[in-house]
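The file upload38.txt comes next; it holds compact mmCIF, C-alpha atoms and all ligand atoms.
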# COMPACT_ATOMS: atom_id res chain seq x y z
CA MET A 1 11.32 0.15 -25.18
CA ASN A 2 10.60 -2.76 -22.85
CA ILE A 3 11.04 -1.73 -19.22
CA VAL A 4 10.48 -3.77 -16.06
CA PHE A 5 9.53 -1.81 -12.95
CA PHE A 6 10.41 -3.38 -9.59
CA SER A 7 8.82 -2.61 -6.20
CA THR A 8 5.76 -1.21 -7.95
CA LYS A 9 2.95 0.35 -5.95
CA PRO A 10 -0.44 1.46 -7.31
CA TYR A 11 0.66 5.10 -7.28
CA ASP A 12 3.76 4.31 -9.39
CA LYS A 13 1.52 2.64 -11.95
CA LYS A 14 -0.89 5.55 -12.04
CA TYR A 15 1.75 8.25 -12.60
CA PHE A 16 3.98 6.24 -14.94
CA GLU A 17 1.06 5.09 -17.09
CA ALA A 18 -0.10 8.69 -17.42
CA SER A 19 3.38 9.93 -18.32
CA ASN A 20 4.03 7.00 -20.67
CA LYS A 21 1.25 8.27 -22.97
CA ASN A 22 3.95 10.66 -24.22
CA PHE A 23 6.60 7.95 -24.57
CA ASN A 24 4.87 4.70 -25.61
CA ASN A 25 7.18 2.32 -23.78
CA ASN A 26 6.14 -1.22 -23.06
CA ILE A 27 6.18 -1.20 -19.26
CA ARG A 28 5.83 -4.29 -17.12
CA PHE A 29 5.10 -3.46 -13.48
CA VAL A 30 6.06 -6.10 -10.90
CA ASP A 31 5.52 -5.96 -7.15
CA PRO A 32 8.65 -7.60 -5.67
CA HIS A 33 11.88 -5.85 -4.79
CA LEU A 34 14.74 -6.49 -7.18
CA SER A 35 16.95 -9.31 -5.89
CA LEU A 36 18.89 -12.29 -7.23
CA GLU A 37 15.69 -14.30 -6.92
CA THR A 38 13.44 -11.83 -8.75
CA ILE A 39 15.75 -10.93 -11.65
CA ASP A 40 14.12 -13.70 -13.65
CA LEU A 41 11.03 -11.50 -13.88
CA ILE A 42 12.98 -9.54 -16.48
CA ASP A 43 12.02 -10.81 -19.86
CA ASP A 44 13.78 -9.18 -22.77
CA ALA A 45 13.99 -5.70 -21.26
CA PRO A 46 17.06 -3.53 -21.83
CA ALA A 47 15.93 -1.18 -19.06
CA ILE A 48 14.75 -1.66 -15.50
CA CYS A 49 13.36 0.89 -13.08
CA VAL A 50 13.95 0.56 -9.33
CA PHE A 51 13.27 2.42 -6.09
CA VAL A 52 15.11 3.22 -2.85
CA ASN A 53 14.97 -0.20 -1.24
CA ASP A 54 15.95 -2.27 -4.25
CA VAL A 55 19.50 -3.35 -3.53
CA LEU A 56 21.79 -3.26 -6.55
CA ASP A 57 24.97 -4.87 -5.23
CA LYS A 58 27.64 -6.50 -7.37
CA PRO A 59 26.01 -9.96 -7.69
CA VAL A 60 22.66 -8.41 -8.65
CA LEU A 61 24.34 -6.09 -11.17
CA SER A 62 26.29 -8.96 -12.74
CA LYS A 63 23.13 -10.98 -13.12
CA LEU A 64 21.33 -7.99 -14.62
CA LYS A 65 24.13 -7.68 -17.16
CA ASP A 66 23.83 -11.39 -17.99
CA ARG A 67 20.11 -10.92 -18.61
CA GLY A 68 20.81 -8.19 -21.15
CA VAL A 69 19.92 -5.17 -19.03
CA GLN A 70 21.78 -2.05 -20.17
CA LEU A 71 20.09 0.76 -18.28
CA ILE A 72 19.09 1.07 -14.63
CA ALA A 73 16.71 3.93 -13.91
CA LEU A 74 16.47 4.88 -10.25
CA ARG A 75 13.13 6.58 -9.68
CA CYS A 76 14.60 8.47 -6.71
CA ALA A 77 17.32 11.00 -5.94
CA GLY A 78 19.49 9.04 -3.48
CA PHE A 79 21.75 6.33 -4.93
CA ASN A 80 23.27 4.71 -1.87
CA ASN A 81 21.50 1.45 -2.76
CA ILE A 82 23.58 0.85 -5.90
CA ASN A 83 27.24 -0.15 -6.20
CA LEU A 84 28.04 2.45 -8.86
CA GLU A 85 31.60 1.32 -9.30
CA ALA A 86 30.46 -2.21 -10.12
CA ALA A 87 27.76 -0.88 -12.46
CA HIS A 88 30.33 1.14 -14.38
CA GLU A 89 32.77 -1.77 -14.54
CA LEU A 90 30.00 -3.86 -16.05
CA GLY A 91 29.16 -1.11 -18.55
CA LEU A 92 25.67 -0.56 -17.12
CA LYS A 93 24.25 2.93 -17.48
CA VAL A 94 22.57 4.40 -14.41
CA VAL A 95 20.19 7.34 -14.33
CA ARG A 96 18.31 8.88 -11.43
CA VAL A 97 15.90 11.74 -10.73
CA PRO A 98 18.15 14.32 -9.10
CA ALA A 99 15.48 16.86 -8.20
CA TYR A 100 11.88 15.81 -8.56
CA SER A 101 10.62 17.98 -5.77
CA PRO A 102 12.95 19.08 -3.03
CA HIS A 103 10.00 21.11 -1.73
CA ALA A 104 8.08 17.91 -0.99
CA VAL A 105 10.80 16.60 1.35
CA ALA A 106 11.53 20.02 2.84
CA GLU A 107 7.85 20.59 3.66
CA HIS A 108 7.57 17.13 5.22
CA THR A 109 10.68 17.85 7.31
CA VAL A 110 9.17 21.03 8.69
CA GLY A 111 5.88 19.17 9.20
CA LEU A 112 7.68 16.65 11.42
CA MET A 113 9.27 19.48 13.42
CA LEU A 114 5.97 21.25 13.99
CA SER A 115 4.10 18.05 14.83
CA LEU A 116 6.72 16.95 17.34
CA ASN A 117 7.01 20.34 18.98
CA ARG A 118 3.28 21.01 19.33
CA LYS A 119 2.42 17.29 19.63
CA ILE A 120 -0.20 17.58 16.92
CA HIS A 121 -0.17 13.82 16.28
CA ARG A 122 -1.05 13.19 19.93
CA ALA A 123 -3.56 16.06 20.16
CA TYR A 124 -5.43 14.65 17.15
CA ILE A 125 -6.03 11.34 18.92
CA ARG A 126 -6.79 13.02 22.24
CA VAL A 127 -9.48 15.33 20.88
CA ARG A 128 -11.13 12.53 18.91
CA ASP A 129 -11.32 10.63 22.18
CA GLY A 130 -13.12 13.50 23.88
CA ASN A 131 -10.04 14.42 25.92
CA PHE A 132 -9.58 18.18 25.73
CA SER A 133 -6.90 18.45 28.41
CA LEU A 134 -3.70 20.29 27.46
CA ASN A 135 -1.50 18.54 30.03
CA GLY A 136 1.57 17.13 28.30
CA LEU A 137 1.06 19.09 25.08
CA LEU A 138 3.32 22.02 25.97
CA GLY A 139 5.48 23.18 23.06
CA PHE A 140 8.08 25.91 22.54
CA ASN A 141 8.44 28.76 20.06
CA PHE A 142 10.68 27.98 17.10
CA SER A 143 11.20 31.71 16.74
CA GLY A 144 14.46 32.63 18.46
CA ARG A 145 15.70 29.02 18.70
CA THR A 146 18.72 27.67 16.81
CA VAL A 147 18.45 25.02 14.12
CA GLY A 148 21.45 23.19 12.66
CA ILE A 149 21.11 21.95 9.08
CA ILE A 150 23.59 19.29 7.96
CA GLY A 151 23.68 19.36 4.16
CA THR A 152 22.42 22.49 2.42
CA GLY A 153 21.83 21.20 -1.09
CA LYS A 154 18.45 21.26 -2.78
CA ILE A 155 16.37 20.07 0.20
CA GLY A 156 18.43 21.53 3.04
CA SER A 157 18.46 25.00 1.49
CA ILE A 158 14.65 25.05 1.21
CA VAL A 159 14.36 23.90 4.83
CA ALA A 160 16.75 26.73 5.72
CA ARG A 161 14.60 29.30 3.94
CA MET A 162 11.45 28.07 5.74
CA LEU A 163 13.10 28.14 9.14
CA VAL A 164 14.57 31.60 8.60
CA ALA A 165 10.96 32.66 7.96
CA PHE A 166 10.02 31.17 11.36
CA GLY A 167 12.57 33.51 12.96
CA MET A 168 15.03 30.76 13.78
CA LYS A 169 18.78 31.25 13.89
CA VAL A 170 20.09 28.85 11.24
CA LEU A 171 23.52 27.20 11.42
CA ALA A 172 24.72 24.97 8.63
CA TYR A 173 27.40 22.41 7.99
CA ASP A 174 28.26 21.39 4.44
CA PRO A 175 31.67 20.86 2.82
CA TYR A 176 30.32 22.92 -0.10
CA PRO A 177 28.51 25.97 1.32
CA ASN A 178 25.52 27.05 -0.73
CA PRO A 179 25.70 30.72 -1.84
CA GLU A 180 21.87 30.96 -1.64
CA CYS A 181 22.05 30.04 2.04
CA GLU A 182 24.89 32.47 2.66
CA GLN A 183 22.73 35.20 1.13
CA LEU A 184 19.99 34.32 3.61
CA GLY A 185 22.45 35.14 6.39
CA ILE A 186 22.91 31.53 7.45
CA SER A 187 26.20 30.84 9.24
CA TYR A 188 28.34 27.92 8.11
CA VAL A 189 30.13 26.40 11.08
CA GLY A 190 32.00 23.19 11.84
CA LYS A 191 29.94 20.08 12.49
CA ASP A 192 30.76 19.97 16.21
CA GLU A 193 29.86 23.63 16.72
CA LEU A 194 26.55 23.02 14.95
CA LEU A 195 25.81 20.02 17.15
CA GLU A 196 26.76 21.90 20.33
CA LYS A 197 24.66 24.99 19.63
CA SER A 198 21.50 23.69 17.98
CA ASP A 199 18.10 23.18 19.62
CA VAL A 200 16.99 21.37 16.47
CA VAL A 201 19.27 19.32 14.20
CA THR A 202 18.05 18.19 10.78
CA LEU A 203 19.94 15.99 8.29
CA HIS A 204 19.91 16.65 4.55
CA CYS A 205 23.16 15.20 3.26
CA PRO A 206 23.52 11.98 1.25
CA LEU A 207 24.39 8.66 2.88
CA THR A 208 28.07 7.99 2.23
CA ASP A 209 30.86 6.25 4.14
CA GLU A 210 31.49 9.61 5.79
CA THR A 211 27.89 10.22 6.86
CA HIS A 212 27.15 6.63 7.92
CA HIS A 213 26.21 6.84 11.64
CA LEU A 214 26.87 10.59 11.54
CA ILE A 215 24.80 10.84 14.70
CA ASP A 216 26.27 8.29 17.05
CA GLU A 217 27.03 8.22 20.76
CA SER A 218 29.92 10.68 20.44
CA ALA A 219 27.88 13.17 18.36
CA LEU A 220 25.02 12.91 20.85
CA SER A 221 27.38 13.58 23.74
CA ILE A 222 28.07 17.12 22.49
CA MET A 223 24.46 17.93 21.57
CA LYS A 224 22.18 19.98 23.81
CA ASP A 225 19.99 18.13 26.28
CA ASN A 226 16.41 17.72 25.03
CA VAL A 227 17.51 18.35 21.43
CA MET A 228 15.10 17.80 18.54
CA LEU A 229 16.60 15.50 15.90
CA ILE A 230 15.04 15.10 12.46
CA ASN A 231 16.15 12.67 9.76
CA THR A 232 14.37 12.66 6.41
CA SER A 233 17.53 11.73 4.51
CA ARG A 234 18.65 8.11 4.90
CA GLY A 235 18.23 5.87 7.93
CA ALA A 236 21.83 4.74 8.32
CA MET A 237 22.95 8.28 9.11
CA LEU A 238 21.73 7.57 12.64
CA ASP A 239 23.18 4.87 14.84
CA THR A 240 19.78 3.67 16.02
CA HIS A 241 21.12 1.93 19.14
CA ALA A 242 22.79 5.18 20.24
CA ILE A 243 19.58 7.06 19.45
CA ILE A 244 17.56 4.77 21.70
CA LYS A 245 20.06 5.35 24.50
CA GLY A 246 19.79 9.09 23.86
CA LEU A 247 16.00 8.92 24.11
CA LYS A 248 16.17 6.93 27.34
CA SER A 249 18.61 9.43 28.90
CA LYS A 250 16.45 12.36 27.64
CA LYS A 251 19.40 13.77 25.65
CA ILE A 252 17.02 13.56 22.70
CA GLY A 253 13.76 15.32 23.53
CA TYR A 254 12.11 14.89 20.14
CA LEU A 255 12.88 12.50 17.30
CA GLY A 256 11.32 12.77 13.85
CA LEU A 257 12.17 10.11 11.30
CA ASP A 258 11.05 9.54 7.75
CA VAL A 259 13.76 6.95 7.19
CA TYR A 260 15.12 4.05 9.21
CA GLU A 261 18.31 2.02 8.97
CA GLN A 262 16.53 -1.29 8.38
CA GLU A 263 13.52 0.15 6.59
CA ASP A 264 13.68 -2.20 3.58
CA ASP A 265 12.03 -4.96 5.63
CA LEU A 266 9.20 -2.65 6.73
CA PHE A 267 8.45 0.48 4.79
CA PHE A 268 6.08 0.76 1.83
CA GLU A 269 4.21 -2.41 2.94
CA ASP A 270 0.99 -2.86 4.92
CA LEU A 271 2.19 -4.98 7.83
CA SER A 272 -0.67 -4.05 10.14
CA TRP A 273 -1.59 -7.73 10.61
CA GLU A 274 1.95 -8.97 10.98
CA ILE A 275 4.15 -9.42 14.02
CA ILE A 276 7.01 -6.98 13.45
CA GLN A 277 10.27 -8.81 14.12
CA ASP A 278 12.50 -5.72 14.33
CA ASP A 279 12.80 -5.11 18.09
CA VAL A 280 14.87 -1.95 17.64
CA PHE A 281 12.20 -0.35 15.49
CA GLU A 282 9.47 -1.47 17.87
CA ARG A 283 11.40 0.07 20.79
CA LEU A 284 11.57 3.38 18.92
CA LEU A 285 7.81 3.39 18.57
CA THR A 286 7.28 3.07 22.33
CA PHE A 287 8.67 6.56 23.04
CA PRO A 288 6.01 9.27 23.28
CA ASN A 289 8.38 11.84 21.76
CA VAL A 290 9.15 9.88 18.59
CA LEU A 291 7.27 10.42 15.35
CA VAL A 292 8.03 8.07 12.48
CA THR A 293 6.66 8.29 8.96
CA ALA A 294 7.43 5.55 6.46
CA HIS A 295 9.60 7.32 3.88
CA GLN A 296 6.82 9.56 2.62
CA GLY A 297 8.81 12.80 2.36
CA PHE A 298 8.81 12.59 -1.44
CA PHE A 299 5.16 11.56 -1.62
CA THR A 300 3.30 14.43 -3.25
CA SER A 301 1.42 14.40 -6.54
CA ASP A 302 3.84 17.01 -7.91
CA ALA A 303 6.85 14.85 -7.06
CA LEU A 304 5.34 11.64 -8.47
CA LYS A 305 4.57 13.39 -11.76
CA ASN A 306 8.12 14.78 -11.94
CA ILE A 307 9.62 11.38 -11.10
CA ALA A 308 7.62 9.68 -13.87
CA ASP A 309 8.31 12.38 -16.49
CA THR A 310 12.04 12.61 -15.70
CA THR A 311 12.56 8.84 -15.57
CA LEU A 312 10.79 8.21 -18.88
CA LYS A 313 12.64 11.14 -20.48
CA SER A 314 15.96 9.57 -19.39
CA ILE A 315 14.91 6.21 -20.79
CA GLY A 316 13.93 7.96 -24.05
CA GLU A 317 17.39 9.57 -24.21
CA PHE A 318 18.95 6.14 -23.75
CA GLU A 319 16.76 4.59 -26.44
CA HIS A 320 17.68 7.31 -28.91
CA ARG A 321 21.36 7.15 -27.95
CA GLN A 322 21.33 10.75 -26.77
CA LYS A 323 23.38 12.18 -23.94
CA LEU A 324 21.89 11.04 -20.63
CA THR A 325 21.04 14.25 -18.80
CA ASN A 326 20.62 12.54 -15.45
CA GLU A 327 23.31 9.90 -15.70
CA LEU A 328 25.17 8.91 -12.54
CA ALA A 329 28.48 8.97 -14.32
CA SER A 330 30.92 8.60 -11.48
CA VAL A 331 31.00 7.46 -7.89
CA ASN A 332 31.33 11.04 -6.68
P1 LIG A 401 21.75 17.46 -2.73
O1 LIG A 401 22.78 16.65 -3.43
O2 LIG A 401 21.11 18.60 -3.44
O3 LIG A 401 22.37 18.04 -1.36
C1 LIG A 401 23.13 17.29 -0.50
C2 LIG A 401 24.08 18.23 0.23
O4 LIG A 401 24.79 17.49 1.22
C3 LIG A 401 25.13 18.86 -0.70
O5 LIG A 401 25.13 20.26 -0.55
C4 LIG A 401 26.44 18.24 -0.25
O6 LIG A 401 27.55 19.13 -0.38
C5 LIG A 401 26.13 17.96 1.20
N1 LIG A 401 27.01 16.97 1.81
C6 LIG A 401 27.67 15.94 1.22
N2 LIG A 401 28.40 15.29 2.14
C7 LIG A 401 28.20 15.92 3.31
C8 LIG A 401 28.68 15.72 4.63
N3 LIG A 401 29.55 14.73 4.90
N4 LIG A 401 28.27 16.55 5.60
C9 LIG A 401 27.41 17.56 5.33
N5 LIG A 401 26.91 17.79 4.10
C10 LIG A 401 27.31 16.99 3.12
O7 LIG A 401 20.67 16.42 -2.22
P2 LIG A 401 19.13 16.71 -1.85
O8 LIG A 401 18.29 16.60 -3.08
O9 LIG A 401 19.05 17.92 -1.00
O10 LIG A 401 18.80 15.40 -0.97
C11 LIG A 401 19.44 15.15 0.27
C12 LIG A 401 19.13 13.75 0.70
O11 LIG A 401 17.73 13.65 0.99
C13 LIG A 401 19.35 12.66 -0.38
O12 LIG A 401 20.69 12.21 -0.40
C14 LIG A 401 18.42 11.58 0.03
O13 LIG A 401 19.11 10.67 0.87
C15 LIG A 401 17.35 12.29 0.87
N6 LIG A 401 16.00 12.23 0.27
C16 LIG A 401 14.98 11.76 1.02
C17 LIG A 401 13.70 11.69 0.48
C18 LIG A 401 12.52 11.23 1.29
O14 LIG A 401 11.47 10.90 0.72
N7 LIG A 401 12.60 11.18 2.61
C19 LIG A 401 13.49 12.08 -0.84
C20 LIG A 401 14.56 12.58 -1.58
C21 LIG A 401 15.83 12.65 -1.03
How would this structure read if it were set down as C-alpha cells?
Ligand code: NAD
Amino acid sequence: MNIVFFSTKPYDKKYFEASNKNFNNNIRFVDPHLSLETIDLIDDAPAICVFVNDVLDKPVLSKLKDRGVQLIALRCAGFNNINLEAAHELGLKVVRVPAYSPHAVAEHTVGLMLSLNRKIHRAYIRVRDGNFSLNGLLGFNFSGRTVGIIGTGKIGSIVARMLVAFGMKVLAYDPYPNPECEQLGISYVGKDELLEKSDVVTLHCPLTDETHHLIDESALSIMKDNVMLINTSRGAMLDTHAIIKGLKSKKIGYLGLDVYEQEDDLFFEDLSWEIIQDDVFERLLTFPNVLVTAHQGFFTSDALKNIADTTLKSIGEFEHRQKLTNELASVN
C-alpha cells in the first residue's frame, strides 16, 4: 500500500524501514508537518501516517478526504491533535498505537523527578567545569513523601509501582480507578485532596476539555508550597502563565516538563541557531528549578520498534479489510 509519512525524522525512517521488510508497503517519508499547505505531498496514497504535532482539524481532514485518503495512522498514543468527530463524519478511519511502551514514558517521568530533586542536570555541568561544591544541590528523600498521580492508566500505574518501591505514599485521582493500583495499596482520593496533600504531583491523563489547564491558578492555590510538578502527558494540561507565576512565588519548587502547550513550533527541531520567539517558553527556561525535555518520554528503541510494528500491522489490517484492532472508533 502507498503510505505518506509526515513529520518524518531519521529515527522514524530507520525503524519503519526495518519493520516494513515484513509488510512491503510503498512508504514515502516527508519532513514537513501535515497542514493544508503540505497535503499536496500526498500522491495517490490511501493511507497517511502522522505524529503528535500534526494537526488534523476539520479543514485538513476534508482536504485529505478530497485527495483520496481513507486511513490516518497516528504513530502515537494520544489523539488530542485530531478532530475525531469530523474524521468519522467524513468516513475516514483512524488508528493509533495505544500502548507502544508505557514503561518508556513512566521511566522518563521518574527520571525527571530524580534529576530535579537531586539536581543531577546541574551537578553534571558543575563537575565538568571543575566545580565540586555541593552548595545549592541539596535534595530530599522521596521515601516517606507523598506523590499524587492524576490518571492511573497504562503509564500512571507503572509510575505508581515505581514510586511505591521508593517508599512513597501514593495518592491517585482517576474517574476509573485501576484495580492493579488498588492492589498496590494506593489510595484513590478526590482531585483537590490529592493536590492539597502531595509533595509531588505527576500528570498521566489524556488531554480533554476536562483536563485542559487542569493545573491553573486555582489548582496551584491549594497545592503545597515548594511542590514538585511533573507533566509528561500533554502541554495544555498546564496553564503555563499560572505556572510561571507559581514558580516566581515559589509555590512550585520543582517543575519537570516533557511537553509544552505550544510545543509544535519548537519540539523535534534543532533550533539551536535560531532566535526563539516564544517568550513564555524562554521565561520557563530561566528558572533554575525547571527541567524541560522535548517530548522524549516515548523515545526508546523498544518503543520505536513497537510503534513501527503496530502501525504497519494496523495498515495491513486496513489493506486486507480486516477488523482494525487499534481503531479510534468513537470520540470517547
Ligand atoms: P491511558 O488511557 O492508559 O490512561 C489514561 C488514564 O487517565 C485513564 O485511566 C483514564 O481513566 C484517566 N483519566 C481520563 N480522564 C481523566 C481525568 N479528567 N482526570 C484524571 N484521570 C483521567 O493512557 P496512557 O497510555 O497512560 O497515557 C497517558 C497520557 O500520556 C496520554 O494521553 C498522552 O497524552 C501521554 N503520553 C506522553 C508521551 C510522551 O512521550 N511524553 C508518550 C505517550 C503518551
* **Nearby residues (all atoms listed in the file) at most 8 Å from A:Pro46, same-chain spacing under 2 positions excluded, as a list in words** =>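 Once the nearby chain positions are removed, what remains is Met1, Asn2, Ile3, Asp44, Ile48, Gly68, Val69, Gln70 and Leu71 of chain A.
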* Residues within 8 Å of ligand LIG 401 (chain A) should be enumerated using only C-alpha atoms and all ligand atoms and returned as a PyMOL selection string. => chain A and resi 76-80+98-99+101-102+104-105+150-157+173-178+191+203-208+210-211+232-234+258-259+295-299
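Proximity of A:Leu61, A:Leu255, A:Ile315, A:Cys181 to A:Val292, computed with all atoms listed in the file, is greatest for A:Leu255.
Distance-wise, atom CA of A:Lys93 and atom CA of A:Leu36 end up 19.1 Å apart.
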* Exercise: A:Ser221 partners within 10 Å, only C-alpha atoms, chain neighbours under 5 positions left out, as JSON, numbers by chain -> {"A": [195, 196, 215, 216, 246, 251]}
* Distance criterion (all atoms listed in the file): nearest to A:Met113 out of A:Ser35, A:Ser249, A:Ser62, A:Asn289 ->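 Answer, going by the shortest atom-to-atom distance: A:Asn289.
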* To do: Would you mind telling me which residue in A:Ile276, A:Val97, A:Leu56, A:Ala87 lies nearest to A:His33 when using all atoms listed in the file?
  =>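 Among the listed residues, the smallest separation from A:His33 belongs to A:Leu56.
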* Structure fact -> From atom CA of A:Leu266 to atom CA of A:Ala45 the spacing works out at 28.6 Å
* **Which residue of A:Asn20, A:Asp264, A:Tyr100, A:Phe6 approaches A:Asn306 most closely, using all atoms listed in the file** => A:Tyr100
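If only C-alpha atoms are the atoms counted, then among A:Ser218, A:Ser143, A:Asn326, A:Thr310 the closest residue to A:Ser19 is A:Thr310.
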* Interatomic distance (Å, one decimal) between atom CA of A:Leu112 and atom CA of A:Asp199 -> 14.8 Å
* Could you tell me which of A:Glu327, A:Asp209, A:Glu193, A:Glu37 comes closest to A:Ile149 if we count only C-alpha atoms? =>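 Ranking A:Glu327, A:Asp209, A:Glu193, A:Glu37 by distance to A:Ile149, first place goes to A:Glu193.
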* Near-A:Ala123 list (10 Å; all atoms listed in the file; drop same-chain fewer than 3 positions) as a list of chain:residue names -> A:Ser115, A:Arg118, A:Lys119, A:Ile120, A:Arg126, A:Val127, A:Arg128, A:Asp129, A:Asn131, A:Phe132, A:Ser133, A:Leu134, A:Gly136, A:Leu137
* Asked: What lies within 12 Å of A:Asn83 using all atoms listed in the file, ignoring chain neighbours under 4 positions off, as a list in words?
  -> Asp54, Val55, Leu56, Asp57, Lys58, Pro59, Val60, Leu61, Ser62, Ile72, Phe79, Ala87, His88, Glu89, Leu90, Leu92, Val94, Thr208, Leu328, Ser330, Val331 and Asn332 of chain A
* **Neighbour list for A:Asn53 as a ChimeraX atom specification, cut-off 9 Å, all atoms listed in the file, skip fewer than 5 positions in-chain** => /A:7,33-34,81,263-265,267
Using the file's own x, y and z axes, what box holds all listed atoms of stretch 101-112 of chain A with 8 Å on each side, keeping edges along x, y and z, and what are its centre and edge lengths in Å to one decimal, as AutoDock Vina command-line options?
--center_x 9.4 --center_y 18.9 --center_z 2.8 --size_x 23.1 --size_y 20.5 --size_z 33.2
